[in-house]
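Written out below as structure tokens is the structure these notes cover.
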Amino acid sequence: MRVSQNLIPTLKEVPAEADTISHQLLLRAGMLRRVAAGIYTLLPLGYRVVEKIKQIVREEMNNAGGVELLLPIIQPAEIWHEAGRWDVYGHEMFRLQDRHERNFCLGPTHEEIITDLIRQEVKSYRQLPLLLYQIQNKYRDERRPRFGLMRGREFIMKDLYSFDRDESGLETSYQKMYNAYSRIFSRCGLSFRIVEADPGAIGGSDTHEFMVLADTGEAEIVFCSVCDYAANVEKAPCQPRTSPSAGEFKPLKLVSTPGVRTVQEVAAFLGVEPQVILKTLFYYADSELIAVLVRGDRAVNETKAKNLLGATQLEIASEAEITRQFKIPIGYAGPPGLKERAPVKIIADYEVKDLINAVAGANQPDHHYLNVNLGRDYEVDTLGDLRIAEEGDLCPKCGAPLHLKRGIEVGQIFKLGVKYSKALGATILDETGKEIPIIMGCYGIGITRTMAAAVEQRHDENGIIWPVSLAPYEAVVIPISHRDSLQVKFAEEIYQNLLAHGIDVIYDDRPERAGVKFKDADLIGYPVRLVVGNRAVSENLVEIKWRASGEIILKEKEEAINYLKNNLNKLRKGE
RNA sequence: CGGGGUGUGGCGCAGCUUGGCAGCGCGCUUGGUUUGGGACCAAGAGGCCGGGGGUUCAAAUCCCCCCACCCCGACCA
């Protein structure tokens, strides 16, 4: 490929629309353009990266026994109704009608469609196990698309669905995917961690997330400093880090705290530590009003709260709602006497039980209570693990301290069980002729997100540093002077030779000054740069520069080809 | 959805407070000089100032409505 024949519109300046480094660099490197919020065009170079990721995924899926197919983007409403998700999915689903006013959606995921296929075509345990996958666009009308490719409304995903006759079959399929995913992200040159996660709305039991470590990641994960435990903070169980203090209950005391509302303000005003304050937050769990109590220095883990309550939706109550329900300004709510003001279920984190003589809102403007005690001053409906794990919490496996990091979720694997096969009647006959539901699993990889994650993790001040396995081209050939016919001829030869030896190479034949081409090469992030200058013509020496290390090597023309063939071959398999 | 912000040639921005010829840098075109890290000089092309309505002799600028995009919070690959 010649640069002059391609469309590679690099930018010197950072477009105002981009805030995230991967978004900025993908735009600047001429790989990506926005069309609408969360909807992008992949330019030729960006598309090549996507294709390389797809190819790695494909190889590993096939190796694991997966079979590729293609499901439709446009899906009829009926099947979603049948599985009970047409209404559940809400605004996130792009919906449309055909000319007969029949309802359809753009597929946000494909469990329904593939289960429908399987229920029609698979009737016997003899046909299982099956691992079917596709690489396709998904459509989710996100409330807030952001960070370029990281969270789009249209994105490319690989989704595989496993169909087994029993739990042990599912376990085998799950393990195959677990291993395949590990290989995929290694081959993509990414530093990642596999964490336990919460199954969330998709349902099912076990689930793991594959997190690319990056400070800009949206997800928080904890991992053990000693053993191999790692989990999404939403999932990680928390031990109370308090110990039941033996202190005597002091008498409840009302104090004036004018204009003091937040935990920080209360702590400062009363001269106490945040951990003796009782934080009271209000939520709607499937439209039931809930108060959640945690220690003042903790954060509520909404996933855990949702699970504890068995709710499908949990939403924080608005300030207006709180005032309307309890007739008190926000910031002065506390558990003593709360239930008398409005019917509310109170759930509390385990640590709350150990809080002796706590500070809490007094349910009247500008006042707090001192010495609030569970059992004497208020009761809770349920105690449970409701807080978000933090740095220093203890590993649930081995008890060592946990560390906190941020990650980008590039893949997730689920054991679905019979949720969809039961709802849609996907059953088989076993050896005894008994009809049983198929056991399913689903396994997703965000292809375009993986691309963004790779940039997020691999860049420097000059641009992207692609691993060889993902680079749009493995090498770029640059003649220093486009007007020096000897250099151009030399560069042409090198280019043709590399091509002939199966190296994925692009030739920068633009009539530009060398500096422009160097800047572009760094920005785009080709792993290898070959420069043809005067020494090429006079001494037959080509300059080879590695983008990642900055290492520069001079080789004679013929030697250069072999050198690159050998080195690239090693790197293609992953770094 | 709630909160905050921004819309001015392809890109980055100034101008708006206090209404009076639509500007700057990059990019693009042409010519010349340059040529190993985003060159220089000269001459050009390119804009319904997001859209609609209003106020005014006069609106990028003031007022109202709408739209789009970005950022912060509740969901997800």
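Residues are named by chain letter and number: chains run A, B, ... in the order of the structure tokens, numbers start at 1 in each chain, and ligands are numbered from 1 in the order shown.
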Run DSSP on the backbone of this structure and report the residues of range 353-477 of chain A it assigns to alpha helix (DSSP H), as a ChimeraX atom specification. /A:353,419-424,447-457
Report the closest atom pair, with its distance in Å rounded to one decimal, for each residue of chain B that has an atom no farther than 6 Å from chain A; count only C-alpha atoms (C1' of nucleotides), sort by chain and then rising residue number, and write it as a tab-separated table.
residue	atom	partner	partner_atom	distance
B:G37	C1'	A:Gly515	CA	4.2
B:G38	C1'	A:Val516	CA	4.9
B:C70	C1'	A:Glu17	CA	5.9
B:A77	C1'	A:Gly446	CA	4.2
Requested write-out: N, CA and C atoms (P, O5', C5', C4', C3', O3' and C1' of nucleotides) of the selected residues, as an mmCIF file, in the first residue's frame:
data_model
loop_
_atom_site.group_PDB
_atom_site.id
_atom_site.type_symbol
_atom_site.label_atom_id
_atom_site.label_comp_id
_atom_site.auth_asym_id
_atom_site.auth_seq_id
_atom_site.Cartn_x
_atom_site.Cartn_y
_atom_site.Cartn_z
ATOM 1 P P G B 37 15.485 16.953 10.860
ATOM 2 O "O5'" G B 37 14.047 16.347 10.557
ATOM 3 C "C5'" G B 37 12.960 17.194 10.191
ATOM 4 C "C4'" G B 37 11.903 17.094 11.266
ATOM 5 C "C3'" G B 37 12.300 17.735 12.590
ATOM 6 O "O3'" G B 37 11.133 18.274 13.189
ATOM 7 C "C1'" G B 37 11.809 15.475 12.945
ATOM 8 P P G B 38 10.686 19.738 12.536
ATOM 9 O "O5'" G B 38 9.651 19.238 11.449
ATOM 10 C "C5'" G B 38 8.505 18.521 11.840
ATOM 11 C "C4'" G B 38 7.437 18.800 10.849
ATOM 12 C "C3'" G B 38 6.964 20.257 10.821
ATOM 13 O "O3'" G B 38 6.547 20.510 9.493
ATOM 14 C "C1'" G B 38 5.172 18.848 11.408
ATOM 15 P P C B 70 -20.419 13.557 21.756
ATOM 16 O "O5'" C B 70 -19.602 14.422 22.820
ATOM 17 C "C5'" C B 70 -18.256 14.785 22.561
ATOM 18 C "C4'" C B 70 -17.758 15.720 23.629
ATOM 19 C "C3'" C B 70 -17.855 15.203 25.058
ATOM 20 O "O3'" C B 70 -16.787 14.334 25.396
ATOM 21 C "C1'" C B 70 -18.675 17.410 24.978
ATOM 22 P P A B 77 -22.072 -6.598 29.131
ATOM 23 O "O5'" A B 77 -21.058 -6.359 27.929
ATOM 24 C "C5'" A B 77 -20.560 -7.493 27.283
ATOM 25 C "C4'" A B 77 -19.221 -7.117 26.657
ATOM 26 C "C3'" A B 77 -18.308 -6.411 27.630
ATOM 27 O "O3'" A B 77 -17.197 -7.214 27.964
ATOM 28 C "C1'" A B 77 -18.571 -5.157 25.577
#
| said: List as JSON, numbers by chain the protein and nucleic acid residues near range 23-33 of chain B, meaning an atom at most 8 Å away when only C-alpha atoms (C1' of nucleotides) are counted, but skip any in the same chain fewer than 5 places from it. | reply: {"A": [12], "B": [10, 11, 12, 14, 15, 40, 41, 43, 44, 45]}
**Prompt:** Quick one: residues within 8 Å of range 51-65 of chain B, only C-alpha atoms (C1' of nucleotides) counted, chain neighbours fewer than 5 positions away excluded, as a PyMOL selection string?
**Reply:** chain B and resi 8+16+19-20
Would you kindly return, as a PDB file with C-alpha atoms, in the first residue's frame, each protein, DNA or RNA residue with an atom no farther than 8 Å from any atom of Glu456 in chain A, considering only C-alpha atoms (C1' of nucleotides) and excluding same-chain residues fewer than 2 positions away?
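New file selection11.pdb:
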ATOM      1  CA  ILE A  21      -6.173   9.845  25.031  1.00  0.00           C
ATOM      2  CA  SER A  22      -7.289   6.915  22.871  1.00  0.00           C
ATOM      3  CA  ALA A 214      -5.534   1.600  32.473  1.00  0.00           C
ATOM      4  CA  THR A 216      -8.656   5.931  32.435  1.00  0.00           C
ATOM      5  CA  ALA A 452      -9.344   1.808  22.127  1.00  0.00           C
ATOM      6  CA  ALA A 453      -7.988  -0.019  25.173  1.00  0.00           C
ATOM      7  CA  ALA A 454      -4.826  -0.908  23.279  1.00  0.00           C
ATOM      8  CA  ARG A 458       0.196   1.751  24.539  1.00  0.00           C
ATOM      9  CA  HIS A 459       1.081   5.300  23.612  1.00  0.00           C
TER      10      HIS A 459
END
C1' of G73 in chain B to CA of Ala267 in chain A measures 23.9 Å
**OP:** May I ask which of the residues A:Leu278, A:Leu96, A:Ala333, A:Leu404 is the closest one to Asp349 in chain A, counting only C-alpha atoms?
**Re:**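 Checking each candidate against Asp349 in chain A, we get A:Leu278 as the closest.
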Subject >> DSSP strand (DSSP E) selection over range 163-404 of chain A, as an NGL selection string >> reply: :A and (163-164 or 192-196 or 207-213 or 219-224 or 230-232 or 253-256 or 278-285 or 288-295 or 314-316 or 345-349 or 358-361 or 367-372 or 382-384 or 402-404)
All residues 12 Å or closer to range 418-421 of chain A, only C-alpha atoms (C1' of nucleotides), same chain fewer than 5 positions away omitted, as number ranges by chain: A: 79-80, 82-85, 110-120, 122, 161-167, 170, 201-205, 426-428, 436-442
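If you look at CA of Val455 in chain A and CA of Thr20 in chain A, they are 10.3 Å away from each other.
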Considering only C-alpha atoms (C1' of nucleotides), return as a compact mmCIF listing (two decimals) with N, CA and C atoms, in the first residue's frame whatever protein or nucleic-acid residues lie within 7 Å of range 299-301 of chain A, sequence-local ones (same chain, fewer than 2 positions apart) excluded.
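Listed below is the output, out23.txt:
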# COMPACT_ATOMS: atom_id res chain seq x y z
N GLU A 234 -17.59 -4.04 42.43
CA GLU A 234 -19.01 -4.30 42.64
C GLU A 234 -19.24 -5.68 43.24
N VAL A 294 -24.56 3.41 55.64
CA VAL A 294 -23.17 2.97 55.66
C VAL A 294 -22.38 3.93 56.53
N ASP A 297 -17.45 7.16 55.98
CA ASP A 297 -16.30 7.17 55.07
C ASP A 297 -16.41 6.10 54.00
N THR A 303 -24.75 -2.26 43.42
CA THR A 303 -24.98 -3.62 42.93
C THR A 303 -25.31 -4.56 44.08
N LYS A 304 -24.53 -4.44 45.13
CA LYS A 304 -24.79 -5.30 46.29
C LYS A 304 -26.16 -4.98 46.90
N ALA A 305 -26.49 -3.71 46.96
CA ALA A 305 -27.78 -3.31 47.52
C ALA A 305 -28.91 -3.91 46.68
N LEU A 386 -22.84 -4.04 52.03
CA LEU A 386 -23.41 -3.03 51.14
C LEU A 386 -22.41 -1.99 50.69
N ARG A 387 -21.16 -2.16 51.06
CA ARG A 387 -20.22 -1.10 50.71
C ARG A 387 -19.29 -1.54 49.58
N ILE A 388 -18.65 -0.56 48.98
CA ILE A 388 -17.71 -0.82 47.90
C ILE A 388 -16.35 -1.15 48.51
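Residue nearest Pro240 in chain A within the list A:Val212, A:Val226, A:Ala348, A:Val272: A:Ala348 [criterion: smallest interatomic distance, only C-alpha atoms].
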